[in-house]
Amino acid sequence: MKIKTKSKKLNKTWLHEHINDPYVKMAHRDGFRARAAYKLKEIDETLKLVRPGQVVVDLGASPGAWSQYLRRCFAPKEAGIGGAAVGKLNGTIISLDLVECEPIEGVQFIQGDFQEPAVLELLEAALAGRAVDLVVSDMAPNLSGIESSDAARVAGLVELAVDFAQQHLKPEGALVAKVFHGSGYTQLVELFKATFKKVKPIKPKASKDRSTETFLIGIGLKQPKR
């Protein structure tokens, strides 16, 4: 006699929800690698952050849905939903993640830990002295379930993204960073307010209702470090 474990029930429930998720279906239809593409899409459509010709850095990029969205924003209209061929993108996208990401045409990918100085040096080398228009960060640590520990790790990644933005953004540039409501959230909002002229939190419709995930958007540096 087989006994269904709680874990198996949870996996079955997750799979059922995933298959029937409208954003998963949309991602499959539109050729995006993940439903996360629609989070950035809504943020962009709300605040008009992405424009052709920009230099954009995508942190925590894998599996690449945000870079795919950015690439399509930089592609000629006649290229269709699949984007443009290499050499025809009107803009630069540099993506980075700890784990491997399947190549995206026209996007430069760096594999490594953003917390490591050597990896940051590779990213700076790829920029070749160019100022950045937009930094998007979907970075998140593997959560342990211990609230205080997880909050500290989330905050650490967000603080690194903010520091990178201060060092490399154009004065009018913007940062989009994933955060979580709970311990440490208020401090991160205050960090954004101290760093940017305009700060707006957005929970996109594509973020699941039960998730504490939200995104902080900072626009216009108060005191660029460049």
# chains A, B, ... in the order shown; residues from 1 in each chain; ligands from 1
$ closest_atom_pairs --of "region 21-40 of chain A" --to "region 177-189 of chain A" --cutoff "12 Å" --atoms "only C-alpha atoms" --output "CSV"
residue,atom,partner,partner_atom,distance
A:Ala36,CA,A:Lys178,CA,11.4
A:Lys39,CA,A:Lys178,CA,10.4
A:Leu40,CA,A:Ala177,CA,10.4
$ write_last_selection --atoms "N, CA and C atoms" --output "PDB file, in the first residue's frame"
ATOM      1  N   ALA A  36       8.214  35.200 -15.275  1.00  0.00           N
ATOM      2  CA  ALA A  36       8.799  36.411 -14.687  1.00  0.00           C
ATOM      3  C   ALA A  36       8.900  37.552 -15.693  1.00  0.00           C
ATOM      4  N   LYS A  39       6.484  40.278 -15.142  1.00  0.00           N
ATOM      5  CA  LYS A  39       6.709  41.177 -14.000  1.00  0.00           C
ATOM      6  C   LYS A  39       7.462  42.413 -14.478  1.00  0.00           C
ATOM      7  N   LEU A  40       8.561  42.189 -15.202  1.00  0.00           N
ATOM      8  CA  LEU A  40       9.338  43.318 -15.718  1.00  0.00           C
ATOM      9  C   LEU A  40       8.530  44.100 -16.745  1.00  0.00           C
TER      10      LEU A  40
END
$ select_by_dssp --residues "chain A" --states "alpha helix (DSSP H)" --output "VMD selection string"
chain A and resid 6 to 20 22 to 30 37 to 47 65 to 73 117 to 127 147 to 168 185 to 195
$ residues_around --residues "Leu49 (chain A)" --least-positions-apart "2" --cutoff "12 Å" --atoms "only C-alpha atoms" --output "PyMOL selection string"
chain A and resi 40-47+51-52+54-56+70+73+133-136+172-176+217-220
$ write_last_selection --atoms "C-alpha atoms" --output "PDB file, in the first residue's frame"
ATOM      1  CA  LEU A  40       9.338  43.318 -15.718  1.00  0.00           C
ATOM      2  CA  LYS A  41       6.930  44.067 -18.569  1.00  0.00           C
ATOM      3  CA  GLU A  42       4.330  45.505 -16.167  1.00  0.00           C
ATOM      4  CA  ILE A  43       6.941  47.520 -14.273  1.00  0.00           C
ATOM      5  CA  ASP A  44       8.282  48.910 -17.542  1.00  0.00           C
ATOM      6  CA  GLU A  45       4.852  49.732 -18.936  1.00  0.00           C
ATOM      7  CA  THR A  46       3.997  51.520 -15.680  1.00  0.00           C
ATOM      8  CA  LEU A  47       7.173  53.595 -15.411  1.00  0.00           C
ATOM      9  CA  ARG A  51      14.130  52.624 -24.215  1.00  0.00           C
ATOM     10  CA  PRO A  52      16.092  51.632 -27.324  1.00  0.00           C
ATOM     11  CA  GLN A  54      20.210  51.966 -23.509  1.00  0.00           C
ATOM     12  CA  VAL A  55      22.890  50.027 -21.644  1.00  0.00           C
ATOM     13  CA  VAL A  56      21.127  47.604 -19.288  1.00  0.00           C
ATOM     14  CA  LEU A  70      14.780  43.654 -22.781  1.00  0.00           C
ATOM     15  CA  CYS A  73      12.431  46.151 -26.512  1.00  0.00           C
ATOM     16  CA  ASP A 133      20.898  53.419 -17.986  1.00  0.00           C
ATOM     17  CA  LEU A 134      19.076  50.668 -16.131  1.00  0.00           C
ATOM     18  CA  VAL A 135      19.917  47.912 -13.657  1.00  0.00           C
ATOM     19  CA  VAL A 136      17.312  45.184 -13.143  1.00  0.00           C
ATOM     20  CA  GLU A 172      18.978  59.845 -14.357  1.00  0.00           C
ATOM     21  CA  GLY A 173      19.259  56.028 -14.414  1.00  0.00           C
ATOM     22  CA  ALA A 174      17.059  53.524 -12.614  1.00  0.00           C
ATOM     23  CA  LEU A 175      17.280  50.355 -10.522  1.00  0.00           C
ATOM     24  CA  VAL A 176      14.617  47.654 -10.271  1.00  0.00           C
ATOM     25  CA  ILE A 217      12.181  50.907  -8.254  1.00  0.00           C
ATOM     26  CA  GLY A 218      14.549  53.794  -7.722  1.00  0.00           C
ATOM     27  CA  ILE A 219      14.875  56.500 -10.385  1.00  0.00           C
ATOM     28  CA  GLY A 220      17.471  59.288 -10.491  1.00  0.00           C
TER      29      GLY A 220
END
$ closest_residue --among "A:Ala65, A:Met139, A:Ala75, A:Ala131" --to "Asp97 (chain A)" --atoms "only C-alpha atoms"
A:Met139
$ atom_distance --atom1 "CA of Leu191 (chain A)" --atom2 "CA of Val162 (chain A)"
8.4 Å
$ residues_around --residues "Gly156 (chain A)" --least-positions-apart "4" --cutoff "10 Å" --atoms "only C-alpha atoms" --output "short mmCIF file (atom, residue, chain, number, x, y, z; two decimals) with N, CA and C atoms, in the first residue's frame"
data_model
loop_
_atom_site.label_atom_id
_atom_site.label_comp_id
_atom_site.auth_asym_id
_atom_site.auth_seq_id
_atom_site.Cartn_x
_atom_site.Cartn_y
_atom_site.Cartn_z
N GLN A 115 28.44 38.55 -5.65
CA GLN A 115 29.05 38.95 -4.38
C GLN A 115 30.57 38.84 -4.41
N ALA A 140 17.84 36.65 -5.75
CA ALA A 140 17.29 36.22 -4.46
C ALA A 140 18.10 35.03 -3.97
N PRO A 141 18.40 34.97 -2.68
CA PRO A 141 19.17 33.84 -2.15
C PRO A 141 18.28 32.61 -2.01
N ASP A 150 17.26 34.78 6.49
CA ASP A 150 16.84 35.03 5.11
C ASP A 150 16.76 36.52 4.82
N ALA A 151 16.22 37.29 5.76
CA ALA A 151 16.09 38.74 5.59
C ALA A 151 17.46 39.38 5.41
N ALA A 152 18.43 38.91 6.17
CA ALA A 152 19.79 39.46 6.07
C ALA A 152 20.41 39.15 4.72
N LEU A 160 24.02 45.27 -2.39
CA LEU A 160 25.04 45.17 -3.44
C LEU A 160 24.53 45.78 -4.75
N ALA A 161 23.27 45.52 -5.08
CA ALA A 161 22.69 46.08 -6.31
C ALA A 161 22.62 47.60 -6.23
N VAL A 162 22.25 48.12 -5.06
CA VAL A 162 22.19 49.58 -4.88
C VAL A 162 23.58 50.19 -5.00
N LEU A 188 15.13 48.56 3.71
CA LEU A 188 15.48 48.61 2.28
C LEU A 188 14.77 49.77 1.58
#
$ residues_around --residues "Ile93 (chain A)" --least-positions-apart "2" --cutoff "9 Å" --atoms "only C-alpha atoms" --output "MDAnalysis selection string"
chainID A and resid 54:58 67 70:71 91 95 106:109
$ atom_distance --atom1 "CA of Phe196 (chain A)" --atom2 "CA of Leu89 (chain A)"
29.0 Å
$ atom_distance --atom1 "CA of Thr214 (chain A)" --atom2 "CA of Ser137 (chain A)"
11.8 Å
$ select_by_dssp --residues "region 95-195 of chain A" --states "strand (DSSP E)" --output "JSON list (two decimals) with N, CA and C atoms, in the first residue's frame"
[["chain", "number", "residue", "atom", "x", "y", "z"],
["A", 95, "SER", "N", 24.01, 40.40, -18.94],
["A", 95, "SER", "CA", 23.32, 39.67, -17.88],
["A", 95, "SER", "C", 24.31, 38.84, -17.07],
["A", 96, "LEU", "N", 23.92, 38.58, -15.82],
["A", 96, "LEU", "CA", 24.81, 37.88, -14.90],
["A", 96, "LEU", "C", 24.00, 36.98, -13.99],
["A", 97, "ASP", "N", 24.52, 35.79, -13.73],
["A", 97, "ASP", "CA", 23.88, 34.91, -12.76],
["A", 97, "ASP", "C", 24.88, 33.88, -12.26],
["A", 108, "GLN", "N", 25.04, 39.55, -23.75],
["A", 108, "GLN", "CA", 26.31, 39.08, -23.18],
["A", 108, "GLN", "C", 26.06, 38.55, -21.78],
["A", 109, "PHE", "N", 26.39, 37.27, -21.57],
["A", 109, "PHE", "CA", 26.14, 36.64, -20.27],
["A", 109, "PHE", "C", 27.44, 36.35, -19.54],
["A", 110, "ILE", "N", 27.44, 36.66, -18.24],
["A", 110, "ILE", "CA", 28.57, 36.37, -17.36],
["A", 110, "ILE", "C", 28.08, 35.44, -16.26],
["A", 111, "GLN", "N", 28.72, 34.29, -16.12],
["A", 111, "GLN", "CA", 28.34, 33.37, -15.06],
["A", 111, "GLN", "C", 29.25, 33.55, -13.86],
["A", 132, "VAL", "N", 25.61, 53.11, -17.15],
["A", 132, "VAL", "CA", 24.44, 52.23, -17.31],
["A", 132, "VAL", "C", 23.15, 53.05, -17.17],
["A", 133, "ASP", "N", 22.20, 52.75, -18.04],
["A", 133, "ASP", "CA", 20.90, 53.42, -17.99],
["A", 133, "ASP", "C", 19.95, 52.75, -17.01],
["A", 134, "LEU", "N", 20.04, 51.42, -16.93],
["A", 134, "LEU", "CA", 19.08, 50.67, -16.13],
["A", 134, "LEU", "C", 19.72, 49.40, -15.58],
["A", 135, "VAL", "N", 19.52, 49.17, -14.29],
["A", 135, "VAL", "CA", 19.92, 47.91, -13.66],
["A", 135, "VAL", "C", 18.64, 47.22, -13.20],
["A", 136, "VAL", "N", 18.46, 45.97, -13.60],
["A", 136, "VAL", "CA", 17.31, 45.18, -13.14],
["A", 136, "VAL", "C", 17.85, 43.99, -12.37],
["A", 137, "SER", "N", 17.32, 43.77, -11.19],
["A", 137, "SER", "CA", 17.82, 42.70, -10.33],
["A", 137, "SER", "C", 16.68, 41.80, -9.85],
["A", 169, "LEU", "N", 25.40, 53.77, -12.57],
["A", 169, "LEU", "CA", 24.26, 54.36, -13.26],
["A", 169, "LEU", "C", 24.54, 55.78, -13.73],
["A", 170, "LYS", "N", 23.89, 56.16, -14.82],
["A", 170, "LYS", "CA", 23.82, 57.56, -15.19],
["A", 170, "LYS", "C", 23.00, 58.29, -14.13],
["A", 171, "PRO", "N", 23.20, 59.58, -13.96],
["A", 171, "PRO", "CA", 22.46, 60.32, -12.91],
["A", 171, "PRO", "C", 20.96, 60.13, -12.98],
["A", 172, "GLU", "N", 20.42, 60.00, -14.20],
["A", 172, "GLU", "CA", 18.98, 59.84, -14.36],
["A", 172, "GLU", "C", 18.56, 58.37, -14.47],
["A", 173, "GLY", "N", 19.51, 57.46, -14.26],
["A", 173, "GLY", "CA", 19.26, 56.03, -14.41],
["A", 173, "GLY", "C", 18.33, 55.46, -13.36],
["A", 174, "ALA", "N", 18.02, 54.16, -13.51],
["A", 174, "ALA", "CA", 17.06, 53.52, -12.61],
["A", 174, "ALA", "C", 17.52, 52.12, -12.21],
["A", 175, "LEU", "N", 17.03, 51.70, -11.04],
["A", 175, "LEU", "CA", 17.28, 50.35, -10.52],
["A", 175, "LEU", "C", 15.95, 49.71, -10.17],
["A", 176, "VAL", "N", 15.77, 48.48, -10.64],
["A", 176, "VAL", "CA", 14.62, 47.65, -10.27],
["A", 176, "VAL", "C", 15.17, 46.47, -9.48],
["A", 177, "ALA", "N", 14.72, 46.29, -8.24],
["A", 177, "ALA", "CA", 15.26, 45.21, -7.40],
["A", 177, "ALA", "C", 14.15, 44.45, -6.70],
["A", 178, "LYS", "N", 14.28, 43.12, -6.72],
["A", 178, "LYS", "CA", 13.31, 42.29, -6.00],
["A", 178, "LYS", "C", 13.60, 42.30, -4.51],
["A", 179, "VAL", "N", 12.55, 42.50, -3.73],
["A", 179, "VAL", "CA", 12.66, 42.45, -2.27],
["A", 179, "VAL", "C", 11.48, 41.63, -1.75],
["A", 180, "PHE", "N", 11.44, 41.41, -0.45],
["A", 180, "PHE", "CA", 10.36, 40.65, 0.16],
["A", 180, "PHE", "C", 9.82, 41.42, 1.37]]
$ decode --residues "region 73-202 of chain A" --atoms "C-alpha atoms" --output "PDB file, in the first residue's frame"
ATOM      1  CA  CYS A  73      12.431  46.151 -26.512  1.00  0.00           C
ATOM      2  CA  PHE A  74      15.690  46.828 -28.360  1.00  0.00           C
ATOM      3  CA  ALA A  75      14.720  44.958 -31.525  1.00  0.00           C
ATOM      4  CA  PRO A  76      13.404  46.605 -34.688  1.00  0.00           C
ATOM      5  CA  LYS A  77       9.614  46.421 -34.952  1.00  0.00           C
ATOM      6  CA  GLU A  78       9.848  44.411 -38.136  1.00  0.00           C
ATOM      7  CA  ALA A  79      11.779  41.694 -36.309  1.00  0.00           C
ATOM      8  CA  GLY A  80       8.576  40.436 -34.701  1.00  0.00           C
ATOM      9  CA  ILE A  81       8.150  38.860 -31.293  1.00  0.00           C
ATOM     10  CA  GLY A  82      11.309  36.792 -31.603  1.00  0.00           C
ATOM     11  CA  GLY A  83      13.506  39.885 -31.663  1.00  0.00           C
ATOM     12  CA  ALA A  84      16.296  40.866 -34.013  1.00  0.00           C
ATOM     13  CA  ALA A  85      19.397  39.138 -35.272  1.00  0.00           C
ATOM     14  CA  VAL A  86      22.779  39.768 -33.679  1.00  0.00           C
ATOM     15  CA  GLY A  87      24.118  43.170 -34.641  1.00  0.00           C
ATOM     16  CA  LYS A  88      20.691  44.705 -35.072  1.00  0.00           C
ATOM     17  CA  LEU A  89      19.822  45.326 -31.446  1.00  0.00           C
ATOM     18  CA  ASN A  90      19.549  49.015 -30.637  1.00  0.00           C
ATOM     19  CA  GLY A  91      20.987  48.744 -27.145  1.00  0.00           C
ATOM     20  CA  THR A  92      23.296  46.699 -24.918  1.00  0.00           C
ATOM     21  CA  ILE A  93      22.273  43.979 -22.459  1.00  0.00           C
ATOM     22  CA  ILE A  94      24.753  42.404 -20.066  1.00  0.00           C
ATOM     23  CA  SER A  95      23.316  39.666 -17.878  1.00  0.00           C
ATOM     24  CA  LEU A  96      24.811  37.875 -14.900  1.00  0.00           C
ATOM     25  CA  ASP A  97      23.882  34.905 -12.757  1.00  0.00           C
ATOM     26  CA  LEU A  98      25.445  32.351 -10.462  1.00  0.00           C
ATOM     27  CA  VAL A  99      23.948  29.522 -12.525  1.00  0.00           C
ATOM     28  CA  GLU A 100      24.235  28.851 -16.227  1.00  0.00           C
ATOM     29  CA  CYS A 101      21.836  30.565 -18.615  1.00  0.00           C
ATOM     30  CA  GLU A 102      21.075  29.326 -22.104  1.00  0.00           C
ATOM     31  CA  PRO A 103      22.451  31.874 -24.589  1.00  0.00           C
ATOM     32  CA  ILE A 104      20.199  34.663 -25.831  1.00  0.00           C
ATOM     33  CA  GLU A 105      21.097  36.148 -29.177  1.00  0.00           C
ATOM     34  CA  GLY A 106      22.686  39.568 -28.730  1.00  0.00           C
ATOM     35  CA  VAL A 107      22.913  39.332 -24.911  1.00  0.00           C
ATOM     36  CA  GLN A 108      26.306  39.082 -23.183  1.00  0.00           C
ATOM     37  CA  PHE A 109      26.135  36.640 -20.271  1.00  0.00           C
ATOM     38  CA  ILE A 110      28.572  36.369 -17.361  1.00  0.00           C
ATOM     39  CA  GLN A 111      28.338  33.370 -15.055  1.00  0.00           C
ATOM     40  CA  GLY A 112      29.441  33.979 -11.496  1.00  0.00           C
ATOM     41  CA  ASP A 113      28.531  35.154  -8.021  1.00  0.00           C
ATOM     42  CA  PHE A 114      27.747  38.880  -7.954  1.00  0.00           C
ATOM     43  CA  GLN A 115      29.049  38.950  -4.381  1.00  0.00           C
ATOM     44  CA  GLU A 116      32.559  38.019  -5.565  1.00  0.00           C
ATOM     45  CA  PRO A 117      34.900  40.950  -6.456  1.00  0.00           C
ATOM     46  CA  ALA A 118      36.391  38.996  -9.380  1.00  0.00           C
ATOM     47  CA  VAL A 119      32.934  38.586 -10.957  1.00  0.00           C
ATOM     48  CA  LEU A 120      32.172  42.256 -10.453  1.00  0.00           C
ATOM     49  CA  GLU A 121      35.433  43.035 -12.261  1.00  0.00           C
ATOM     50  CA  LEU A 122      34.267  40.928 -15.233  1.00  0.00           C
ATOM     51  CA  LEU A 123      31.015  42.882 -15.317  1.00  0.00           C
ATOM     52  CA  GLU A 124      32.860  46.206 -15.188  1.00  0.00           C
ATOM     53  CA  ALA A 125      35.180  45.017 -17.969  1.00  0.00           C
ATOM     54  CA  ALA A 126      32.146  44.190 -20.120  1.00  0.00           C
ATOM     55  CA  LEU A 127      30.826  47.709 -19.568  1.00  0.00           C
ATOM     56  CA  ALA A 128      34.154  49.082 -20.783  1.00  0.00           C
ATOM     57  CA  GLY A 129      33.650  52.394 -19.015  1.00  0.00           C
ATOM     58  CA  ARG A 130      30.110  52.933 -20.268  1.00  0.00           C
ATOM     59  CA  ALA A 131      27.562  54.354 -17.853  1.00  0.00           C
ATOM     60  CA  VAL A 132      24.444  52.234 -17.307  1.00  0.00           C
ATOM     61  CA  ASP A 133      20.898  53.419 -17.986  1.00  0.00           C
ATOM     62  CA  LEU A 134      19.076  50.668 -16.131  1.00  0.00           C
ATOM     63  CA  VAL A 135      19.917  47.912 -13.657  1.00  0.00           C
ATOM     64  CA  VAL A 136      17.312  45.184 -13.143  1.00  0.00           C
ATOM     65  CA  SER A 137      17.817  42.697 -10.334  1.00  0.00           C
ATOM     66  CA  ASP A 138      15.776  39.557  -9.825  1.00  0.00           C
ATOM     67  CA  MET A 139      18.446  38.206  -7.472  1.00  0.00           C
ATOM     68  CA  ALA A 140      17.285  36.219  -4.457  1.00  0.00           C
ATOM     69  CA  PRO A 141      19.165  33.843  -2.155  1.00  0.00           C
ATOM     70  CA  ASN A 142      18.138  30.270  -1.478  1.00  0.00           C
ATOM     71  CA  LEU A 143      15.833  30.732   1.498  1.00  0.00           C
ATOM     72  CA  SER A 144      16.384  28.673   4.632  1.00  0.00           C
ATOM     73  CA  GLY A 145      13.051  29.378   6.313  1.00  0.00           C
ATOM     74  CA  ILE A 146      14.777  31.171   9.183  1.00  0.00           C
ATOM     75  CA  GLU A 147      13.311  34.665   8.861  1.00  0.00           C
ATOM     76  CA  SER A 148      16.161  36.670  10.387  1.00  0.00           C
ATOM     77  CA  SER A 149      18.808  34.837   8.369  1.00  0.00           C
ATOM     78  CA  ASP A 150      16.845  35.029   5.113  1.00  0.00           C
ATOM     79  CA  ALA A 151      16.095  38.738   5.589  1.00  0.00           C
ATOM     80  CA  ALA A 152      19.790  39.462   6.074  1.00  0.00           C
ATOM     81  CA  ARG A 153      20.735  37.559   2.926  1.00  0.00           C
ATOM     82  CA  VAL A 154      18.048  39.281   0.847  1.00  0.00           C
ATOM     83  CA  ALA A 155      19.141  42.670   2.197  1.00  0.00           C
ATOM     84  CA  GLY A 156      22.754  41.893   1.403  1.00  0.00           C
ATOM     85  CA  LEU A 157      21.986  41.257  -2.274  1.00  0.00           C
ATOM     86  CA  VAL A 158      19.801  44.357  -2.563  1.00  0.00           C
ATOM     87  CA  GLU A 159      22.495  46.483  -0.928  1.00  0.00           C
ATOM     88  CA  LEU A 160      25.039  45.174  -3.443  1.00  0.00           C
ATOM     89  CA  ALA A 161      22.687  46.076  -6.306  1.00  0.00           C
ATOM     90  CA  VAL A 162      22.186  49.576  -4.875  1.00  0.00           C
ATOM     91  CA  ASP A 163      25.937  50.054  -4.481  1.00  0.00           C
ATOM     92  CA  PHE A 164      26.520  48.877  -8.062  1.00  0.00           C
ATOM     93  CA  ALA A 165      23.844  51.317  -9.251  1.00  0.00           C
ATOM     94  CA  GLN A 166      25.490  54.190  -7.396  1.00  0.00           C
ATOM     95  CA  GLN A 167      28.821  53.337  -8.975  1.00  0.00           C
ATOM     96  CA  HIS A 168      27.652  52.779 -12.551  1.00  0.00           C
ATOM     97  CA  LEU A 169      24.258  54.357 -13.263  1.00  0.00           C
ATOM     98  CA  LYS A 170      23.824  57.560 -15.191  1.00  0.00           C
ATOM     99  CA  PRO A 171      22.463  60.319 -12.912  1.00  0.00           C
ATOM    100  CA  GLU A 172      18.978  59.845 -14.357  1.00  0.00           C
ATOM    101  CA  GLY A 173      19.259  56.028 -14.414  1.00  0.00           C
ATOM    102  CA  ALA A 174      17.059  53.524 -12.614  1.00  0.00           C
ATOM    103  CA  LEU A 175      17.280  50.355 -10.522  1.00  0.00           C
ATOM    104  CA  VAL A 176      14.617  47.654 -10.271  1.00  0.00           C
ATOM    105  CA  ALA A 177      15.257  45.214  -7.404  1.00  0.00           C
ATOM    106  CA  LYS A 178      13.311  42.287  -6.005  1.00  0.00           C
ATOM    107  CA  VAL A 179      12.655  42.454  -2.270  1.00  0.00           C
ATOM    108  CA  PHE A 180      10.358  40.655   0.164  1.00  0.00           C
ATOM    109  CA  HIS A 181       7.894  42.075   2.671  1.00  0.00           C
ATOM    110  CA  GLY A 182       8.808  41.181   6.224  1.00  0.00           C
ATOM    111  CA  SER A 183      11.850  41.693   8.400  1.00  0.00           C
ATOM    112  CA  GLY A 184      14.200  44.240   6.874  1.00  0.00           C
ATOM    113  CA  TYR A 185      11.775  45.543   4.232  1.00  0.00           C
ATOM    114  CA  THR A 186      11.365  48.982   5.807  1.00  0.00           C
ATOM    115  CA  GLN A 187      15.143  49.415   5.989  1.00  0.00           C
ATOM    116  CA  LEU A 188      15.479  48.606   2.280  1.00  0.00           C
ATOM    117  CA  VAL A 189      12.808  51.180   1.410  1.00  0.00           C
ATOM    118  CA  GLU A 190      14.749  53.734   3.447  1.00  0.00           C
ATOM    119  CA  LEU A 191      17.958  52.777   1.625  1.00  0.00           C
ATOM    120  CA  PHE A 192      16.237  53.404  -1.713  1.00  0.00           C
ATOM    121  CA  LYS A 193      14.849  56.731  -0.507  1.00  0.00           C
ATOM    122  CA  ALA A 194      18.320  57.790   0.604  1.00  0.00           C
ATOM    123  CA  THR A 195      19.783  56.800  -2.770  1.00  0.00           C
ATOM    124  CA  PHE A 196      17.164  57.797  -5.357  1.00  0.00           C
ATOM    125  CA  LYS A 197      15.080  60.884  -6.045  1.00  0.00           C
ATOM    126  CA  LYS A 198      11.987  58.825  -6.845  1.00  0.00           C
ATOM    127  CA  VAL A 199      11.104  55.479  -5.226  1.00  0.00           C
ATOM    128  CA  LYS A 200       8.115  53.314  -6.087  1.00  0.00           C
ATOM    129  CA  PRO A 201       7.187  49.817  -4.859  1.00  0.00           C
ATOM    130  CA  ILE A 202       5.290  47.629  -7.333  1.00  0.00           C
TER     131      ILE A 202
END
